[in-house]
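Note: the block below is structure_20.txt and it holds compact mmCIF, C-alpha atoms.
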# COMPACT_ATOMS: atom_id res chain seq x y z
CA MET A 21 83.29 -109.44 12.08
CA SER A 22 81.00 -108.94 9.13
CA ALA A 23 77.97 -106.69 9.24
CA VAL A 24 74.66 -107.91 7.88
CA MET A 25 72.36 -105.39 6.23
CA ILE A 26 68.66 -106.07 6.83
CA THR A 27 66.31 -104.31 4.46
CA ARG A 28 62.83 -103.81 5.87
CA LYS A 29 59.94 -103.34 3.53
CA VAL A 30 58.25 -100.00 3.96
CA ARG A 31 54.52 -100.08 4.49
CA LYS A 32 52.28 -97.55 2.84
CA TRP A 33 50.79 -96.26 6.09
CA GLU A 34 54.28 -95.31 7.33
CA LYS A 35 54.60 -92.80 4.50
CA LEU A 36 50.98 -91.68 4.43
CA PRO A 37 50.99 -87.86 4.60
CA GLY A 38 47.43 -87.64 5.93
CA LYS A 39 46.41 -86.51 9.40
CA ASN A 40 46.05 -89.95 11.00
CA THR A 41 47.69 -91.81 13.84
CA PHE A 42 48.72 -95.46 13.66
CA CYS A 43 49.66 -98.05 16.23
CA CYS A 44 49.93 -101.85 16.57
CA ASP A 45 52.03 -102.07 13.40
CA GLY A 46 49.47 -100.13 11.38
CA ARG A 47 46.53 -102.30 12.38
CA VAL A 48 44.91 -99.45 14.32
CA MET A 49 44.17 -96.25 12.41
CA MET A 50 42.41 -93.20 13.81
CA ALA A 51 42.06 -89.50 13.20
CA ARG A 52 44.13 -87.15 15.33
CA GLN A 53 41.03 -85.53 16.84
CA LYS A 54 39.95 -88.26 19.26
CA GLY A 55 38.36 -86.23 22.07
CA VAL A 56 34.76 -86.89 21.02
CA PHE A 57 35.54 -90.59 20.57
CA TYR A 58 36.66 -90.81 24.20
CA LEU A 59 33.41 -89.09 25.18
CA THR A 60 31.49 -91.77 23.27
CA LEU A 61 33.34 -94.50 25.16
CA PHE A 62 32.66 -92.78 28.47
CA LEU A 63 28.92 -92.35 27.85
CA ILE A 64 28.40 -95.95 26.73
CA THR A 65 30.52 -97.64 29.40
CA GLY A 66 29.35 -95.28 32.16
CA THR A 67 25.65 -95.74 31.44
CA CYS A 68 25.99 -99.52 31.13
CA ALA A 69 28.07 -99.71 34.34
CA LEU A 70 25.34 -97.90 36.28
CA PHE A 71 22.71 -100.18 34.78
CA PHE A 72 24.67 -103.33 35.69
CA ALA A 73 25.38 -102.07 39.21
CA PHE A 74 21.96 -100.78 40.31
CA GLU A 75 19.16 -102.08 38.08
CA CYS A 76 20.32 -105.53 36.97
CA PRO A 77 20.58 -107.13 40.46
CA TYR A 78 17.02 -106.15 41.34
CA LEU A 79 15.56 -107.07 37.93
CA ALA A 80 17.37 -110.41 37.82
CA VAL A 81 15.80 -111.45 41.14
CA HIS A 82 12.30 -109.98 40.83
CA LEU A 83 11.68 -110.14 37.07
CA CYS A 84 13.94 -112.35 34.93
CA PRO A 85 17.57 -113.56 35.32
CA ALA A 86 18.14 -113.28 31.57
CA ILE A 87 17.90 -109.47 31.61
CA PRO A 88 21.53 -108.80 32.64
CA VAL A 89 22.81 -111.60 30.36
CA PHE A 90 21.22 -110.12 27.26
CA ALA A 91 22.39 -106.64 28.30
CA VAL A 92 25.99 -107.84 28.56
CA LEU A 93 25.86 -109.49 25.12
CA LEU A 94 24.38 -106.37 23.56
CA PHE A 95 26.96 -104.16 25.28
CA LEU A 96 29.86 -106.31 24.02
CA PHE A 97 28.50 -106.23 20.48
CA VAL A 98 28.17 -102.43 20.59
CA MET A 99 31.74 -102.02 21.80
CA ALA A 100 33.06 -104.45 19.19
CA MET A 101 31.36 -102.55 16.36
CA LEU A 102 32.51 -99.20 17.74
CA LEU A 103 36.15 -100.27 17.98
CA ARG A 104 35.99 -101.98 14.59
CA THR A 105 34.70 -98.78 13.02
CA SER A 106 37.10 -96.48 14.85
CA PHE A 107 40.31 -98.46 14.44
CA SER A 108 39.98 -99.66 10.84
CA ASP A 109 41.05 -98.17 7.55
CA PRO A 110 37.90 -96.66 5.99
CA GLY A 111 39.26 -97.08 2.47
CA VAL A 112 42.04 -94.52 2.15
CA LEU A 113 43.35 -94.18 -1.39
CA PRO A 114 47.13 -93.98 -1.88
CA ARG A 115 48.47 -90.73 -3.26
CA ALA A 116 50.26 -90.45 -6.56
CA LEU A 117 54.03 -90.69 -6.57
CA PRO A 118 55.97 -87.62 -7.77
CA GLU A 119 56.63 -89.10 -11.21
CA GLU A 120 52.99 -90.12 -11.53
CA ALA A 121 51.84 -86.64 -10.55
CA THR A 122 54.13 -85.16 -13.20
CA PHE A 123 52.80 -87.58 -15.81
CA ILE A 124 49.17 -86.73 -14.95
CA GLU A 125 49.93 -83.00 -15.12
CA MET A 126 51.39 -83.49 -18.61
CA GLU A 127 48.27 -85.39 -19.68
CA ILE A 128 46.00 -82.65 -18.37
CA GLU A 129 47.98 -79.91 -20.09
CA ALA A 130 47.95 -81.85 -23.37
CA ALA A 131 44.19 -82.45 -23.12
CA ASN A 132 43.31 -78.84 -22.25
CA GLY A 133 45.62 -77.34 -24.82
CA ASN A 134 46.96 -73.81 -24.56
CA VAL A 135 44.83 -71.71 -22.22
CA PRO A 136 45.01 -67.96 -23.04
CA ALA A 137 46.54 -65.73 -20.40
CA GLY A 138 43.98 -64.43 -17.93
CA GLN A 139 41.45 -67.14 -18.76
CA ARG A 140 40.49 -69.69 -16.16
CA PRO A 141 41.59 -73.22 -17.10
CA PRO A 142 38.81 -75.79 -17.56
CA PRO A 143 37.95 -78.06 -14.63
CA ARG A 144 39.99 -81.21 -14.26
CA ILE A 145 37.41 -83.93 -14.74
CA ARG A 146 37.01 -87.16 -16.64
CA ASN A 147 33.71 -88.65 -17.66
CA VAL A 148 32.99 -92.35 -17.29
CA GLN A 149 29.84 -94.26 -18.07
CA ILE A 150 28.40 -96.51 -15.35
CA ASN A 151 25.15 -98.35 -16.09
CA ASN A 152 24.38 -95.93 -18.92
CA GLN A 153 24.87 -92.98 -16.58
CA ILE A 154 27.67 -90.42 -17.00
CA VAL A 155 29.71 -90.01 -13.81
CA LYS A 156 32.47 -87.43 -13.39
CA LEU A 157 35.85 -88.36 -11.97
CA LYS A 158 37.18 -85.29 -10.18
CA TYR A 159 40.86 -84.50 -9.81
CA CYS A 160 42.21 -84.17 -6.27
CA TYR A 161 44.82 -81.41 -6.06
CA THR A 162 46.12 -82.80 -2.75
CA CYS A 163 46.49 -86.48 -3.65
CA LYS A 164 47.29 -85.73 -7.33
CA ILE A 165 44.91 -88.39 -8.63
CA PHE A 166 41.60 -88.64 -10.42
CA ARG A 167 39.40 -90.03 -7.68
CA PRO A 168 37.43 -93.22 -8.43
CA PRO A 169 33.64 -92.97 -8.49
CA ARG A 170 32.04 -92.11 -5.12
CA ALA A 171 35.40 -91.22 -3.56
CA SER A 172 35.96 -87.88 -1.86
CA HIS A 173 38.71 -86.06 0.04
CA CYS A 174 38.20 -85.72 3.79
CA SER A 175 39.43 -82.32 4.96
CA ILE A 176 39.82 -83.52 8.56
CA CYS A 177 41.93 -86.62 7.84
CA ASP A 178 43.45 -85.10 4.67
CA ASN A 179 42.97 -88.31 2.68
CA CYS A 180 40.90 -89.43 -0.26
CA VAL A 181 38.49 -92.16 0.91
CA ASP A 182 36.84 -94.67 -1.40
CA ARG A 183 33.01 -94.56 -1.23
CA PHE A 184 33.27 -91.73 1.26
CA ASP A 185 30.19 -91.41 3.45
CA HIS A 186 31.17 -88.84 6.08
CA HIS A 187 33.66 -88.12 8.85
CA CYS A 188 32.14 -89.08 12.19
CA PRO A 189 33.78 -87.44 15.23
CA TRP A 190 31.82 -89.75 17.57
CA VAL A 191 33.78 -92.75 16.30
CA GLY A 192 36.96 -90.74 15.64
CA ASN A 193 37.35 -91.87 12.05
CA CYS A 194 36.06 -91.51 8.53
CA VAL A 195 33.25 -93.77 7.41
CA GLY A 196 33.87 -95.24 3.99
CA LYS A 197 33.94 -98.35 1.88
CA ARG A 198 35.73 -100.63 4.34
CA ASN A 199 33.98 -99.75 7.62
CA TYR A 200 30.51 -98.51 6.68
CA ARG A 201 28.76 -101.77 7.52
CA TYR A 202 30.37 -101.80 10.97
CA PHE A 203 29.31 -98.20 11.51
CA TYR A 204 25.73 -99.06 10.63
CA LEU A 205 25.75 -102.12 12.91
CA PHE A 206 27.15 -99.90 15.67
CA THR A 207 24.36 -97.35 15.36
CA LEU A 208 21.73 -100.10 15.09
CA SER A 209 22.98 -102.04 18.13
CA LEU A 210 23.46 -98.83 20.12
CA SER A 211 19.85 -97.91 19.41
CA LEU A 212 18.72 -101.30 20.70
CA LEU A 213 20.95 -101.00 23.78
CA THR A 214 19.65 -97.50 24.56
CA ILE A 215 16.03 -98.62 24.22
CA TYR A 216 16.79 -101.69 26.34
CA ILE A 217 18.36 -99.74 29.21
CA PHE A 218 15.78 -96.96 29.06
CA THR A 219 12.89 -99.45 29.16
CA PHE A 220 14.19 -101.46 32.11
CA ASP A 221 15.12 -98.32 34.01
CA ILE A 222 11.46 -97.30 33.82
CA VAL A 223 10.41 -100.85 34.76
CA HIS A 224 12.75 -100.78 37.75
CA VAL A 225 11.36 -97.46 38.99
CA VAL A 226 7.76 -98.63 38.52
CA MET A 227 8.35 -101.94 40.31
CA ARG A 228 10.02 -100.18 43.22
CA SER A 229 7.16 -97.70 43.46
CA MET A 230 4.48 -100.37 43.36
CA ASN A 231 6.18 -102.32 46.15
CA GLY A 232 6.76 -99.19 48.25
CA GLY A 233 10.48 -99.80 47.92
CA PHE A 234 11.49 -96.20 47.54
CA LEU A 235 10.02 -94.99 50.80
CA ASN A 236 10.97 -98.06 52.83
CA THR A 237 14.53 -98.17 51.56
CA LEU A 238 14.89 -94.44 52.03
CA LYS A 239 13.98 -94.84 55.71
CA GLU A 240 16.31 -97.81 56.21
CA THR A 241 19.35 -96.39 54.39
CA PRO A 242 18.90 -92.62 54.18
CA GLY A 243 22.55 -92.03 53.24
CA THR A 244 23.00 -94.31 50.18
CA TYR A 245 19.62 -94.75 48.58
CA PRO A 246 19.13 -91.13 47.45
CA LEU A 247 22.41 -91.51 45.58
CA LYS A 248 21.17 -94.67 43.84
CA LEU A 249 17.91 -92.97 42.98
CA SER A 250 19.69 -89.97 41.52
CA LEU A 251 21.94 -92.23 39.43
CA THR A 252 18.89 -94.07 38.09
CA VAL A 253 17.32 -90.76 37.11
CA LEU A 254 20.61 -89.79 35.45
CA GLU A 255 20.53 -93.00 33.40
CA VAL A 256 16.98 -92.30 32.31
CA LEU A 257 17.87 -88.75 31.22
CA VAL A 258 20.99 -89.84 29.30
CA CYS A 259 19.10 -92.62 27.52
CA PHE A 260 16.16 -90.34 26.77
CA PHE A 261 18.23 -87.65 25.04
CA THR A 262 20.50 -90.19 23.35
CA LEU A 263 17.58 -92.20 22.07
CA TRP A 264 16.28 -89.60 19.66
CA SER A 265 19.61 -88.85 18.00
CA VAL A 266 20.84 -92.45 17.73
CA VAL A 267 17.54 -93.90 16.54
CA GLY A 268 17.14 -91.03 14.08
CA LEU A 269 20.67 -91.60 12.75
CA THR A 270 19.99 -95.31 12.36
CA GLY A 271 16.77 -94.62 10.48
CA PHE A 272 18.53 -92.15 8.18
CA HIS A 273 21.27 -94.64 7.27
CA THR A 274 18.69 -97.39 6.79
CA TYR A 275 17.05 -95.10 4.24
CA LEU A 276 20.40 -94.49 2.52
CA ILE A 277 21.23 -98.20 2.41
CA SER A 278 17.88 -98.99 0.82
CA LEU A 279 18.81 -96.57 -1.98
CA ASN A 280 22.50 -97.59 -2.12
CA GLN A 281 23.45 -93.98 -1.51
CA THR A 282 26.00 -92.29 0.73
CA THR A 283 25.58 -89.37 3.11
CA ASN A 284 27.94 -87.30 0.96
CA GLU A 285 25.82 -87.94 -2.14
CA ASP A 286 22.61 -87.19 -0.25
CA ILE A 287 23.91 -83.87 1.09
CA LYS A 288 25.21 -82.78 -2.30
CA GLY A 289 22.05 -83.96 -4.06
CA SER A 290 24.07 -85.98 -6.56
CA TRP A 291 21.08 -88.05 -7.72
CA SER A 292 18.17 -85.77 -6.89
CA GLY A 293 16.61 -82.81 -8.65
CA LYS A 294 15.34 -82.20 -12.15
CA ASN A 295 18.79 -81.81 -13.72
CA ARG A 296 20.22 -84.88 -11.99
CA GLY A 297 20.32 -88.40 -13.35
CA GLN A 298 19.31 -91.58 -11.64
CA ASN A 299 21.61 -93.29 -9.17
CA PRO A 300 23.72 -95.68 -11.31
CA TYR A 301 24.72 -97.74 -8.26
CA SER A 302 21.18 -98.59 -7.17
CA HIS A 303 19.71 -101.95 -8.16
CA LYS A 304 16.17 -100.50 -7.95
CA ASN A 305 15.52 -103.15 -5.31
CA ILE A 306 15.74 -102.57 -1.55
CA ILE A 307 16.84 -106.12 -0.75
CA LYS A 308 19.60 -106.11 -3.36
CA ASN A 309 20.85 -102.72 -2.20
CA CYS A 310 20.95 -103.85 1.42
CA CYS A 311 22.73 -107.07 0.50
CA GLU A 312 25.36 -105.20 -1.51
CA VAL A 313 26.11 -102.69 1.24
CA LEU A 314 25.88 -104.95 4.29
CA CYS A 315 26.73 -108.40 2.90
CA GLY A 316 29.21 -107.57 0.15
CA PRO A 317 32.85 -108.68 0.10
CA THR A 318 35.38 -107.27 2.55
CA TYR A 319 37.85 -105.14 0.61
CA PRO A 320 41.55 -105.24 1.47
CA SER A 321 43.30 -102.15 2.75
CA ASN A 322 45.21 -100.09 0.20
CA ILE A 323 47.70 -98.80 2.79
CA GLY A 324 48.22 -101.77 5.09
CA THR A 325 50.27 -104.26 3.07
CA ALA A 326 54.08 -104.41 3.01
CA ILE A 327 55.17 -103.25 -0.42
CA ASN A 328 57.97 -101.44 -2.16
CA PRO A 329 57.15 -97.72 -1.86
CA THR A 330 57.82 -97.23 -5.59
CA VAL A 331 54.87 -99.38 -6.62
CA SER A 332 52.54 -97.36 -8.82
CA VAL A 333 49.09 -96.22 -7.83
CA THR A 334 47.97 -96.10 -11.47
CA MET A 335 46.98 -99.75 -11.65
CA PHE A 336 44.84 -99.31 -8.54
CA ILE A 337 42.78 -96.63 -10.28
CA VAL A 338 42.57 -98.78 -13.42
CA LEU A 339 41.31 -101.80 -11.49
CA SER A 340 38.77 -99.63 -9.66
CA LEU A 341 37.34 -98.54 -12.98
CA GLN A 342 37.46 -102.10 -14.29
CA LYS A 343 34.99 -103.20 -11.62
CA THR A 344 32.48 -100.64 -12.88
CA THR A 345 33.09 -101.52 -16.56
CA ALA A 346 33.15 -97.80 -17.22
CA PRO A 347 34.95 -96.58 -20.35
CA LEU A 348 36.08 -93.00 -20.61
CA ILE A 349 34.01 -90.78 -22.85
CA PRO A 350 35.00 -87.38 -24.23
CA ASN A 351 33.69 -84.20 -22.63
CA GLU A 352 33.44 -80.59 -23.68
CA HIS A 353 37.10 -79.93 -22.74
CA THR A 354 38.56 -82.80 -24.77
CA PRO A 355 40.53 -81.66 -27.85
CA ASP A 356 39.03 -82.60 -31.22
CA ASP A 357 42.07 -84.67 -32.24
CA ALA A 358 41.73 -86.87 -29.14
CA LYS A 359 37.98 -87.52 -29.39
CA PRO A 360 38.13 -90.09 -32.26
CA SER A 361 40.61 -92.29 -30.39
CA ILE A 362 38.57 -92.15 -27.17
CA ALA A 363 35.36 -92.90 -29.04
CA ALA A 364 37.01 -95.81 -30.83
CA SER A 365 38.17 -97.17 -27.51
CA ALA A 366 34.65 -96.89 -26.09
CA GLU A 367 33.15 -98.68 -29.11
CA LYS A 368 35.74 -101.41 -28.81
CA ASN A 369 34.83 -101.93 -25.16
CA ALA A 370 31.14 -102.07 -26.08
CA SER A 371 31.58 -104.63 -28.90
CA PRO A 372 29.96 -108.08 -28.46
CA LYS A 373 33.33 -109.78 -28.44
CA GLU A 374 34.29 -107.91 -25.31
CA GLU A 375 31.12 -108.70 -23.36
CA HIS A 376 32.97 -111.29 -21.32
CA PRO A 377 36.59 -110.12 -21.07
CA ALA A 378 39.24 -112.18 -19.41
CA ALA A 379 39.74 -111.59 -15.71
CA THR A 380 43.34 -110.57 -16.20
CA LYS A 381 42.69 -108.05 -18.95
CA VAL A 382 42.34 -104.42 -17.83
CA PRO A 383 40.32 -102.13 -20.10
CA PRO A 384 42.14 -98.92 -21.05
CA LEU A 385 41.30 -95.63 -19.39
CA ALA A 386 41.72 -93.99 -22.78
CA SER A 387 43.65 -94.81 -25.91
CA PRO A 388 46.31 -92.06 -25.55
CA GLU A 389 47.02 -93.08 -21.95
CA THR A 390 47.18 -96.86 -22.18
CA ASP A 391 50.61 -97.20 -23.72
CA ALA A 392 52.16 -94.72 -21.32
CA GLU A 393 50.71 -96.43 -18.25
CA THR A 394 51.77 -99.86 -19.52
CA SER A 395 55.33 -98.69 -20.11
CA ILE A 396 55.52 -97.15 -16.63
CA ALA A 397 54.30 -100.37 -15.05
CA LYS A 398 56.83 -102.44 -17.04
CA GLU A 399 59.72 -100.16 -16.15
CA ARG A 400 58.93 -100.38 -12.45
CA ALA A 401 58.47 -104.14 -12.67
CA HIS A 402 62.08 -104.44 -13.93

Just dump the structure as structure tokens.
Amino acid sequence: MSAVMITRKVRKWEKLPGKNTFCCDGRVMMARQKGVFYLTLFLITGTCALFFAFECPYLAVHLCPAIPVFAVLLFLFVMAMLLRTSFSDPGVLPRALPEEATFIEMEIEAANGNVPAGQRPPPRIRNVQINNQIVKLKYCYTCKIFRPPRASHCSICDNCVDRFDHHCPWVGNCVGKRNYRYFYLFTLSLSLLTIYIFTFDIVHVVMRSMNGGFLNTLKETPGTYPLKLSLTVLEVLVCFFTLWSVVGLTGFHTYLISLNQTTNEDIKGSWSGKNRGQNPYSHKNIIKNCCEVLCGPTYPSNIGTAINPTVSVTMFIVLSLQKTTAPLIPNEHTPDDAKPSIAASAEKNASPKEEHPAATKVPPLASPETDAETSIAKERAH
């Protein structure tokens, strides 16, 4: 009897060292702290269940039969957006492999030169130019990579997230490049649902009062009606206090979308103040900014595909920079002998011949690094 060896491809999420939980073959991804997310589910489903049980039957008969139908559709849309935001990959960036981390450390040491003993080493940053604006790529000491523009490391999930907005405990996940639009649609639809329930709760109470329903029903069924009345008041209170926070959050993110800005950038003041530059990602047009954020392409997950675990993360960073057409430029910590080659590379990228490069050609991060990265990619390909 011969034994057959079956080799299963290892998926990236199976080796992800971050603080996340996965299920359904990696299709569902959440943070480990899910208590507040369950509270969100309870508040939404509980409030809607009370509305469907006590208000909708009366309103459908005495006002309009379409009221519960529209409420059900709005409730289903809210739950779909919530689950889509909570269970999806927000745009986690893969960490560098050990050999890549070693290679990057050697590059940094060569660029910084010999630092005298007792002197603090210079910050690990790289400057790129995006729409004539200098943007700094910061080095992540946990993931061992230079983060792409607008990416940040989430301390709760312990992952670098592309276009990091914030970590939202109410949805139990980070909000980033891949799920921001669903988060915004969730807050927007939840605001509409809260206003809808709150309004018709008030309408229900007013209609009952005008018809003398409260007093008559209280005399007929003294044991059950006070409970229904108290539950209606509870709905009104929950919706009232929820309304201000949810509507305010929706308005804040509408403001950010109109500027093509993230919550992280707004809190840090990345593009505000006298010493700050203009936002290089903004189109200076509200409609264009909204279309880019809400109607842009859906990006594939960087940790969800079945791959060989030795595939390099270097090309991912290169392709991320290629989309921004951002060449590296020297900074104050770049050695003098390396500045001419970097400047020559930047001038080459800015030449008229390279205005329309081929889709398969990847611009170099910097001249000293290109050959090394190409050789690493070729060795792993063989």

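Counting from atom CA of A:Pro88, the distance to atom CA of A:Leu70 is 12.1 Å.
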
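Going from atom CA of A:Asn152 to atom CA of A:Asp182 covers 21.5 Å.
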
10 Å contact set for A:Val223, all atoms listed in the file, chain neighbours under 4 positions out, as a PyMOL selection string: chain A and resi 75+79+83+217-219+227-229

To one decimal place in Å, what is the distance between atom CA of A:Glu127 and atom CA of A:Gly196? 29.4 Å

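In this comparison, which uses all atoms listed in the file, the residue of A:Arg146, A:Arg104, A:His303, A:Lys32 approaching A:Gly192 most closely is A:Arg104.
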
Please provide the set of residues having any atom within 10 Å of A:Pro320, restricted to only C-alpha atoms, with same-chain residues fewer than 2 positions apart removed, written as a list in words. Asp109, Gly111, Arg198, Pro317, Thr318, Asn322, Ile323, Gly324 and Thr325 of chain A
